[in-house]
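Have a look at protein32.txt; it's compact mmCIF, C-alpha atoms:
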# COMPACT_ATOMS: atom_id res chain seq x y z
CA MET B 1 60.44 28.05 96.35
CA THR B 2 61.07 25.33 98.92
CA ILE B 3 61.46 26.62 102.40
CA THR B 4 64.19 25.00 104.47
CA CYS B 5 65.34 25.48 108.02
CA GLU B 6 68.06 27.87 106.81
CA HIS B 7 65.35 30.23 105.57
CA LEU B 8 63.60 30.48 108.90
CA ASP B 9 65.69 33.33 110.28
CA ASN B 10 65.13 35.44 107.19
CA LEU B 11 61.41 34.77 107.32
CA LEU B 12 61.25 35.79 110.96
CA LEU B 13 63.34 38.86 110.25
CA ASP B 14 61.01 39.93 107.48
CA ALA B 15 57.99 39.23 109.71
CA THR B 16 55.43 40.12 107.08
CA PRO B 17 52.17 38.15 107.04
CA GLU B 18 53.40 36.37 103.93
CA SER B 19 56.77 35.43 105.39
CA MET B 20 55.19 34.24 108.62
CA GLU B 21 52.77 32.08 106.66
CA MET B 22 55.68 30.50 104.79
CA ALA B 23 57.46 29.87 108.07
CA ALA B 24 54.33 28.25 109.49
CA ARG B 25 54.00 25.99 106.45
CA HIS B 26 57.60 24.82 106.89
CA ALA B 27 57.14 24.37 110.63
CA ALA B 28 54.25 22.04 109.97
CA ASP B 29 56.78 19.57 108.62
CA CYS B 30 59.75 20.43 110.84
CA ALA B 31 59.62 19.82 114.59
CA SER B 32 62.63 21.96 115.51
CA CYS B 33 61.44 24.93 113.45
CA ALA B 34 57.97 24.38 114.85
CA GLU B 35 59.32 24.82 118.36
CA ILE B 36 61.24 27.91 117.34
CA LEU B 37 58.17 29.42 115.69
CA ALA B 38 55.93 28.51 118.64
CA THR B 39 58.20 30.25 121.09
CA TRP B 40 58.50 33.20 118.72
CA ASN B 41 54.75 33.62 118.59
CA ASP B 42 54.43 33.03 122.31
CA LEU B 43 56.72 35.93 122.98
CA SER B 44 54.60 38.16 120.77
CA GLU B 45 51.37 37.00 122.37
CA THR B 46 52.71 37.55 125.87
CA ALA B 47 54.02 40.97 124.90
CA VAL B 48 50.64 42.06 123.57
CA SER B 49 49.07 41.08 126.88
CA MET B 50 51.49 43.45 128.64
CA ARG B 51 49.83 46.47 127.11
CA THR B 52 48.64 48.16 130.29
CA ALA B 53 45.81 50.49 131.15
CA TRP B 54 44.54 51.74 134.45
CA PRO B 55 42.22 54.51 135.56
CA SER B 56 44.05 57.78 136.27
CA GLU B 57 41.37 60.33 137.03
CA LEU B 58 43.91 62.59 138.71
CA LEU B 59 46.55 62.49 136.00
CA TRP B 60 45.03 64.94 133.55
CA PRO B 61 44.24 67.51 136.30
CA ARG B 62 47.88 67.17 137.43
CA ILE B 63 49.12 67.75 133.92
CA GLU B 64 46.79 70.69 133.46
CA ARG B 65 47.96 72.31 136.70
CA ALA B 66 51.57 71.80 135.77
CA LEU B 67 50.99 73.33 132.35
CA ARG B 68 49.25 76.33 133.89
CA ALA B 69 52.15 76.83 136.27
CA GLU B 70 54.51 76.72 133.31
CA ARG B 71 52.43 79.27 131.46
CA LYS B 72 52.67 82.03 134.07
CA PRO B 73 53.56 84.92 131.84
CA ALA B 74 57.20 85.65 131.95
CA LEU B 75 58.06 89.28 132.38
CA PRO B 76 60.01 90.73 129.52
CA ARG B 77 63.71 91.15 130.19
CA TRP B 78 63.54 94.95 130.26
CA LEU B 79 60.93 94.80 132.97
CA TRP B 80 63.16 92.56 135.08
CA GLN B 81 65.96 95.05 134.58
CA VAL B 82 63.75 97.93 135.67
CA ALA B 83 62.60 95.93 138.66
CA ALA B 84 66.18 95.14 139.56
CA ALA B 85 67.13 98.80 139.25
CA LEU B 86 64.22 99.81 141.48
CA VAL B 87 65.14 97.23 144.07
CA LEU B 88 68.74 98.41 143.98
CA THR B 89 67.71 102.04 144.31
CA ALA B 90 65.35 101.24 147.15
CA GLY B 91 68.07 99.27 148.84
CA LEU B 92 70.59 102.07 148.47
CA GLY B 93 68.03 104.61 149.63
CA ALA B 94 67.21 102.59 152.68
CA THR B 95 70.87 102.12 153.43
CA MET B 96 71.51 105.85 153.10
CA PHE B 97 68.47 106.67 155.24
CA TYR B 98 69.63 104.46 158.03
CA ALA B 99 73.17 105.71 157.68
CA VAL B 100 72.05 109.36 157.91
CA ARG B 101 69.74 108.53 160.76
CA GLU B 102 72.58 106.88 162.60
CA GLN B 103 74.80 109.85 161.89
CA THR B 104 72.13 112.20 163.19
CA ARG B 105 71.73 110.12 166.27
CA ASP B 106 75.47 110.10 166.76
CA ALA B 107 75.65 113.84 166.21
CA ALA B 108 72.89 114.47 168.69
CA PHE B 109 74.62 112.24 171.16
CA ASP B 110 77.88 114.01 170.58
CA ARG B 111 76.20 117.38 170.99
CA THR B 112 74.73 116.28 174.27
CA ILE B 113 78.11 115.13 175.45
CA LEU B 114 79.67 118.42 174.35
CA ARG B 115 76.89 120.35 175.93
CA LEU B 116 77.32 118.61 179.23
CA ALA B 117 81.07 119.09 179.08
CA ALA B 118 80.64 122.77 178.28
CA LEU B 119 78.16 123.12 181.06
CA ASP B 120 80.63 121.66 183.49
CA GLU B 121 83.24 124.09 182.33
CA VAL B 122 80.86 127.03 182.65
CA GLU B 123 79.77 125.97 186.07
CA ARG B 124 83.42 125.66 187.15
CA ALA B 125 84.08 129.14 185.79
CA GLU B 126 81.08 130.47 187.63
CA ARG B 127 82.21 128.87 190.85
CA ALA B 128 85.62 130.35 190.37
CA HIS B 129 84.05 133.78 189.87
CA VAL B 130 81.82 133.31 192.90
CA ASP B 131 84.81 132.25 195.03
CA ALA B 132 86.85 135.23 193.83
CA ILE B 133 83.91 137.59 194.35
CA GLU B 134 83.32 136.31 197.88
CA ASN B 135 86.96 136.85 198.60
CA LEU B 136 86.93 140.36 197.21
CA GLU B 137 83.68 141.23 199.04
CA GLN B 138 85.23 140.28 202.30
CA LEU B 139 88.15 142.53 201.53
CA ALA B 140 85.98 145.47 200.33
CA GLU B 141 83.15 145.14 202.84
CA ALA B 142 84.46 147.64 205.33
CA ARG B 143 85.09 150.28 202.68
CA LEU B 144 81.71 149.82 201.13
CA ASP B 145 80.01 150.13 204.52
CA ALA B 146 81.86 153.42 205.15
CA ALA B 147 81.41 154.73 201.63
CA GLU B 148 81.50 158.53 201.81
CA THR B 149 82.96 159.70 198.60
CA PRO B 150 80.70 159.89 195.45
CA LEU B 151 82.94 157.34 193.75
CA MET B 152 82.62 154.84 196.55
CA ILE B 153 78.88 155.43 196.81
CA SER B 154 78.51 154.79 193.06
CA TYR B 155 80.56 151.59 193.38
CA LYS B 156 78.25 150.53 196.24
CA GLU B 157 75.12 151.27 194.20
CA LYS B 158 76.57 149.46 191.18
CA LEU B 159 77.35 146.44 193.28
CA LEU B 160 73.79 146.45 194.66
CA LEU B 161 72.39 146.56 191.13
CA LEU B 162 74.73 143.78 190.03
CA ASP B 163 73.65 141.64 192.97
CA ASP B 164 70.00 142.04 191.99
CA ALA B 165 70.76 141.26 188.34
CA ILE B 166 72.92 138.28 189.28
CA ALA B 167 70.21 136.92 191.57
CA GLU B 168 67.62 137.32 188.85
CA CYS B 169 69.90 135.71 186.22
CA ARG B 170 70.76 132.78 188.47
CA ALA B 171 67.11 132.13 189.06
CA SER B 172 66.62 132.00 185.29
CA VAL B 173 69.65 129.72 184.87
CA GLU B 174 68.28 127.33 187.50
CA GLY B 175 65.31 126.71 185.23
CA ASN B 176 67.36 126.54 182.03
CA GLN B 177 70.81 125.41 182.81
CA GLN B 178 71.85 124.80 179.22
CA ASN B 179 70.86 128.22 178.03
CA ALA B 180 74.17 129.54 176.85
CA HIS B 181 72.89 133.13 176.61
CA LEU B 182 71.88 133.20 180.24
CA ARG B 183 75.14 131.57 181.24
CA LYS B 184 77.11 134.20 179.31
CA GLN B 185 75.07 136.97 180.90
CA LEU B 186 75.69 135.54 184.33
CA LEU B 187 79.39 135.24 183.70
CA ALA B 188 79.48 138.82 182.43
CA MET B 189 77.77 139.97 185.59
CA TYR B 190 80.21 138.03 187.78
CA THR B 191 83.07 139.50 185.81
CA ASP B 192 81.65 143.00 186.19
CA LYS B 193 81.11 142.52 189.95
CA GLN B 194 84.59 141.13 190.32
CA GLN B 195 86.06 144.09 188.46
CA THR B 196 84.02 146.56 190.47
CA LEU B 197 85.18 145.07 193.76
CA GLN B 198 88.73 145.17 192.52
CA ASP B 199 88.16 148.85 191.63
CA VAL B 200 86.83 149.46 195.16
CA LEU B 201 89.94 147.93 196.65
CA ARG B 202 92.23 149.90 194.39
CA GLU B 203 90.47 153.08 195.24
CA GLU B 204 91.16 152.36 198.79
CA THR B 205 94.82 151.88 198.18
CA ASN B 206 95.02 154.31 195.28
CA VAL B 207 96.61 151.65 193.05
CA PRO B 208 96.14 152.58 189.41
CA ASN B 209 94.25 150.15 187.21
CA PRO B 210 96.46 147.84 185.18
CA MET T 1 49.50 42.48 113.20
CA THR T 2 50.32 45.92 114.39
CA THR T 3 47.94 48.62 115.50
CA SER T 4 49.40 51.91 114.52
CA MET T 5 49.13 54.77 116.96
CA MET T 6 48.57 57.04 114.03
CA PRO T 7 45.85 57.05 111.40
CA THR T 8 46.60 55.41 108.08
CA THR T 9 48.53 57.40 105.54
CA ALA T 10 45.30 58.64 104.05
CA GLY T 11 44.13 60.03 107.39
CA ARG T 12 47.54 61.10 108.73
CA PRO T 13 47.65 64.68 109.84
CA SER T 14 49.24 66.97 107.28
CA ALA T 15 52.43 68.83 107.96
CA ASP T 16 50.39 72.03 108.25
CA GLU T 17 48.12 70.41 110.79
CA ASP T 18 51.13 69.22 112.78
CA ARG T 19 52.60 72.70 112.74
CA ARG T 20 49.30 74.16 113.89
CA LEU T 21 49.24 71.61 116.68
CA ALA T 22 52.79 72.46 117.68
CA GLY T 23 51.98 76.16 117.66
CA ALA T 24 48.98 75.60 119.88
CA CYS T 25 51.09 73.54 122.29
CA ALA T 26 53.78 76.21 122.38
CA ALA T 27 51.09 78.74 123.21
CA GLY T 28 49.90 76.48 125.99
CA GLU T 29 46.39 75.97 124.75
CA THR T 30 44.91 73.67 127.36
CA ARG T 31 42.23 72.43 124.98
CA VAL T 32 44.86 71.08 122.59
CA PHE T 33 46.78 69.34 125.34
CA GLU T 34 43.60 67.77 126.60
CA GLU T 35 42.92 66.49 123.10
CA LEU T 36 46.45 65.05 122.90
CA TYR T 37 46.03 63.43 126.27
CA GLY T 38 42.77 61.91 125.16
CA ARG T 39 44.30 60.53 121.98
CA PHE T 40 47.66 59.35 123.26
CA GLY T 41 47.49 59.33 127.03
CA GLU T 42 46.66 55.66 127.48
CA ARG T 43 49.35 54.55 125.03
CA MET T 44 51.83 56.84 126.74
CA LYS T 45 50.97 55.42 130.14
CA SER T 46 51.39 51.88 128.86
CA ILE T 47 54.77 52.57 127.26
CA ALA T 48 55.95 54.35 130.38
CA TRP T 49 54.68 51.53 132.58
CA ASN T 50 56.46 48.85 130.56
CA THR T 51 59.65 50.88 130.65
CA LEU T 52 59.61 52.01 134.25
CA GLY T 53 57.77 49.17 135.91
CA ASN T 54 55.15 50.93 138.01
CA ALA T 55 52.16 53.20 137.59
CA SER T 56 53.41 56.03 139.76
CA ASP T 57 56.61 56.50 137.78
CA ALA T 58 54.70 56.03 134.55
CA GLU T 59 52.29 58.85 135.41
CA ASP T 60 55.19 61.08 136.42
CA ALA T 61 56.82 60.37 133.07
CA VAL T 62 53.64 61.20 131.17
CA GLN T 63 53.20 64.46 133.08
CA GLU T 64 56.82 65.40 132.46
CA THR T 65 56.39 64.55 128.79
CA PHE T 66 53.50 66.98 128.41
CA LEU T 67 55.53 69.71 130.07
CA LYS T 68 58.43 69.01 127.72
CA ILE T 69 56.08 69.10 124.75
CA HIS T 70 54.92 72.52 125.88
CA ARG T 71 58.47 73.79 126.35
CA ALA T 72 59.83 72.35 123.10
CA ALA T 73 56.84 72.76 120.81
CA SER T 74 58.24 75.97 119.37
CA THR T 75 61.24 73.95 118.09
CA PHE T 76 59.10 71.38 116.26
CA THR T 77 60.39 71.31 112.69
CA GLY T 78 57.86 69.00 111.07
CA GLU T 79 60.54 66.50 110.07
CA ALA T 80 58.64 63.80 111.89
CA SER T 81 54.96 63.79 112.61
CA PHE T 82 53.87 65.59 115.76
CA SER T 83 52.70 62.35 117.37
CA THR T 84 55.98 60.50 116.83
CA TRP T 85 57.84 63.58 118.02
CA ALA T 86 55.75 63.49 121.21
CA PHE T 87 56.38 59.78 121.71
CA ARG T 88 60.09 60.34 121.23
CA ILE T 89 59.95 62.81 124.09
CA LEU T 90 58.11 60.21 126.17
CA VAL T 91 60.65 57.45 125.50
CA ASN T 92 63.56 59.74 126.30
CA THR T 93 61.82 60.95 129.44
CA CYS T 94 61.26 57.36 130.56
CA TYR T 95 64.91 56.50 130.08
CA ASP T 96 66.00 59.66 131.83
CA LEU T 97 63.84 58.68 134.77
CA LEU T 98 65.08 55.11 134.64
CA ARG T 99 68.69 56.17 134.76
CA LYS T 100 67.97 58.71 137.43
CA ARG T 101 66.09 56.43 139.69
CA LYS T 102 67.99 53.26 138.87
CA ARG T 103 64.89 51.32 139.64
CA ARG T 104 64.72 47.75 138.43
CA ILE T 105 61.45 46.51 137.05
CA ASP T 106 61.88 43.29 138.93
CA GLU T 107 61.89 45.28 142.21
CA SER T 108 58.36 46.39 141.44
CA PRO T 109 56.25 43.33 142.00
CA ILE T 110 53.17 42.96 139.91
CA ASP T 111 51.08 43.73 142.98
CA ASP T 112 52.80 47.07 143.25
CA VAL T 113 51.10 48.22 140.10
CA VAL T 114 47.84 50.07 140.32
CA GLU T 115 45.21 47.62 141.30
CA GLY T 116 43.74 45.82 138.40
CA PRO T 117 45.70 47.12 135.45
CA SER T 118 43.77 45.55 132.73
CA HIS T 119 45.68 43.30 130.39
CA THR T 120 44.05 42.87 127.08
CA ALA T 121 44.69 39.12 126.83
CA PRO T 122 43.42 37.47 129.99
CA SER T 123 44.29 34.00 128.60
CA VAL T 124 48.04 34.52 129.09
CA ASP T 125 48.93 34.01 132.71
CA GLU T 126 50.72 36.47 134.93
CA ALA T 127 53.79 34.28 135.33
CA LYS T 128 54.65 34.60 131.67
CA ARG T 129 54.29 38.34 131.77
CA MET T 130 56.50 38.53 134.83
CA THR T 131 59.12 36.36 133.14
CA LEU T 132 59.12 38.40 130.00
CA ARG T 133 59.22 41.65 131.98
CA LYS T 134 62.31 40.47 133.79
CA LEU T 135 63.96 39.39 130.58
CA LEU T 136 63.18 42.73 128.98
CA HIS T 137 64.69 44.57 131.88
CA GLU T 138 68.02 42.89 131.21
CA LEU T 139 68.11 44.18 127.66
CA PRO T 140 69.96 47.31 126.55
CA GLU T 141 67.75 50.39 126.29
CA GLN T 142 67.38 50.53 122.54
CA ARG T 143 66.55 46.82 122.16
CA ARG T 144 64.04 47.06 124.97
CA ALA T 145 62.50 50.16 123.40
CA VAL T 146 62.10 48.54 119.98
CA PHE T 147 60.56 45.38 121.44
CA THR T 148 58.23 47.35 123.70
CA LEU T 149 57.06 49.71 120.99
CA PHE T 150 56.57 46.98 118.36
CA GLU T 151 55.45 43.92 120.26
CA ILE T 152 53.68 45.45 123.26
CA GLU T 153 52.36 48.71 121.89
CA GLY T 154 51.88 47.65 118.29
CA LEU T 155 53.68 50.47 116.59
CA SER T 156 55.04 49.98 113.10
CA HIS T 157 58.75 49.92 112.28
CA ALA T 158 58.29 53.20 110.43
CA GLU T 159 56.87 54.83 113.54
CA ILE T 160 59.53 53.27 115.77
CA ALA T 161 62.25 54.50 113.45
CA GLU T 162 60.92 58.05 113.73
CA ILE T 163 60.59 57.86 117.48
CA LEU T 164 64.02 56.40 118.14
CA GLY T 165 65.83 58.18 115.37
CA ILE T 166 66.90 54.98 113.57
CA THR T 167 66.16 53.56 110.16
CA GLU T 168 63.21 51.27 109.53
CA GLY T 169 65.57 48.48 108.52
CA ASN T 170 67.51 48.95 111.71
CA SER T 171 64.31 48.73 113.73
CA LYS T 172 63.42 45.41 112.06
CA TRP T 173 66.90 43.99 112.60
CA ILE T 174 67.02 45.09 116.25
CA LEU T 175 63.63 43.46 116.85
CA PHE T 176 64.73 40.20 115.22
CA ALA T 177 67.97 40.04 117.18
CA THR T 178 66.16 40.90 120.41
CA LYS T 179 63.48 38.26 119.93
CA LYS T 180 66.08 35.64 119.04
CA ASP T 181 67.95 36.44 122.22
CA LEU T 182 64.75 36.45 124.27
CA ARG T 183 63.65 33.15 122.78
CA GLU T 184 66.78 31.41 123.96
CA LYS T 185 66.40 32.81 127.45
CA TRP T 186 62.67 32.12 127.40
CA MET T 187 63.44 28.48 126.66
CA SER T 188 66.10 28.32 129.35
CA VAL T 189 63.64 29.44 132.08
CA GLY T 190 61.25 26.70 131.11
CA GLY T 191 59.84 27.92 127.90
CA ALA T 192 58.09 24.65 127.19
CA ARG T 193 56.31 24.92 130.51
CA LEU T 194 55.41 28.52 129.92
CA ARG T 195 54.40 28.17 126.35
CA VAL T 196 50.70 28.12 125.67
CA THR T 197 49.81 24.92 123.88
With the file now loaded, output its structure as structure tokens.
Amino acid sequence: MTITCEHLDNLLLDATPESMEMAARHAADCASCAEILATWNDLSETAVSMRTAWPSELLWPRIERALRAERKPALPRWLWQVAAALVLTAGLGATMFYAVREQTRDAAFDRTILRLAALDEVERAERAHVDAIENLEQLAEARLDAAETPLMISYKEKLLLLDDAIAECRASVEGNQQNAHLRKQLLAMYTDKQQTLQDVLREETNVPNP
Amino acid sequence: MTTSMMPTTAGRPSADEDRRLAGACAAGETRVFEELYGRFGERMKSIAWNTLGNASDAEDAVQETFLKIHRAASTFTGEASFSTWAFRILVNTCYDLLRKRKRRIDESPIDDVVEGPSHTAPSVDEAKRMTLRKLLHELPEQRRAVFTLFEIEGLSHAEIAEILGITEGNSKWILFATKKDLREKWMSVGGARLRVT
């Protein structure tokens, strides 16, 4: 077969050793095809020279490290779910703990406030009793000093006993002001003393008890 | 003359061997990866370098390729050989990086490359390589890939077809059309001056 310029493209497309040899034989007698073929081969020769190599001592260690990082065993899904449930429970528990602790603190604070308020009220009541008692004592003093009848003498003795008890109770309250039991006892004693003095005064005037 | 990256048909790994290899990669066997790196690493670096234009990006692409091989090895079907499958991952990774970084090869001067990349044909001067590199960069991705894999890396059209997912005939035609186009441009930038006589 005679190779002509029109065949060149097909020969270059085929690019087998045989077709390239045929193209070269034609190019030997055809200047334009010779230039085409020369450039064609030049491209190939230049391309081969672009194959590149360089030392990369650190590349394989990098790849190995990256692969190891990838291979960290993944936890099975159910384990993640359990872990999530535990975290949630711990979170809820912590939240509840702090909430209860805050409530306790608040309650303690409230109790303190209430206690102080109650104490004020008790102390006001006590002062009121003391004021009333002082008033009544002044009124009953003369009668008690001149007590002659057995009734009046018993009132006087009772009042003396109450005074001792009140003094002793107040001393205890001084050291434990928020002791409700002592406060109640003291109030009871004041009430009793107040009543007794009122009885003394009534006896004097012979007014019947209400 | 092409130098295949794979052994001849007689010595080509069997499908069973490829599946064993894929299984070992999926399991993350470091020994197997090291073997793959030893066999294909230099070729991978060269392909990546000629695609991306500098050694740093090329090494990143190779590293990323090995990670992708590990992640995807369990999906290897054996339709293509394991080696061409791996090179397909490399080519795609290079183009992903190229699109992501939008780096032009002509912005990476030759001196930017790792000092003394050895070129196997010291008789061809650096100016011609630079010219061709610039011309290649202007090509569409597939044409550039076919030219790079065939002319630079010496792969066969059969191997290129497997890597790029095209037919062997298509690979031949794309190469012919690309070289014809390059020849005209090569001549227009002073091909006669550049051509080795």
Just the residues within 12 Å of stretch 155-170 of chain T, please, counting all atoms listed in the file, with nothing from its chain fewer than 6 positions along; format it as a ChimeraX atom specification.
/B:13-16,48,51 /T:1-9,43,47,78-92,95,141-149,176-178
Selection near B:Leu12, 12 Å with only C-alpha atoms, sequence-local residues under 2 positions removed, as a PyMOL selection string:
(chain B and resi 5-10+14-24+33+36-41) or (chain T and resi 172-173+175-180)
At most 7 Å to chain T: residues in chain B, all atoms listed in the file, as a compact mmCIF listing (two decimals) with C-alpha atoms, in the coordinates of the input:
# COMPACT_ATOMS: atom_id res chain seq x y z
CA LEU B 13 63.34 38.86 110.25
CA THR B 39 58.20 30.25 121.09
CA TRP B 40 58.50 33.20 118.72
CA ASP B 42 54.43 33.03 122.31
CA SER B 44 54.60 38.16 120.77
CA THR B 46 52.71 37.55 125.87
CA ALA B 47 54.02 40.97 124.90
CA VAL B 48 50.64 42.06 123.57
CA SER B 49 49.07 41.08 126.88
CA MET B 50 51.49 43.45 128.64
CA ARG B 51 49.83 46.47 127.11
CA THR B 52 48.64 48.16 130.29
CA ALA B 53 45.81 50.49 131.15
CA TRP B 54 44.54 51.74 134.45
CA LEU B 59 46.55 62.49 136.00
CA ILE B 63 49.12 67.75 133.92
CA LEU B 67 50.99 73.33 132.35
CA ARG B 71 52.43 79.27 131.46
For atom CA of B:Leu136 and atom CA of B:Cys169, the interatomic separation in Å (one decimal)
20.8 Å
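Among T:Glu35, T:Asp181, T:Asp57, T:Asp18, the residue with the shortest atom-to-atom distance to T:Ser74, counting all atoms listed in the file, is T:Asp18.
Atom pair atom CA of B:Val122 / atom CA of B:Leu187 has a distance of 8.4 Å (rounded to one decimal).
Interatomic distance, atom CA of T:Lys100 against atom CA of T:Thr51: 13.3 Å.
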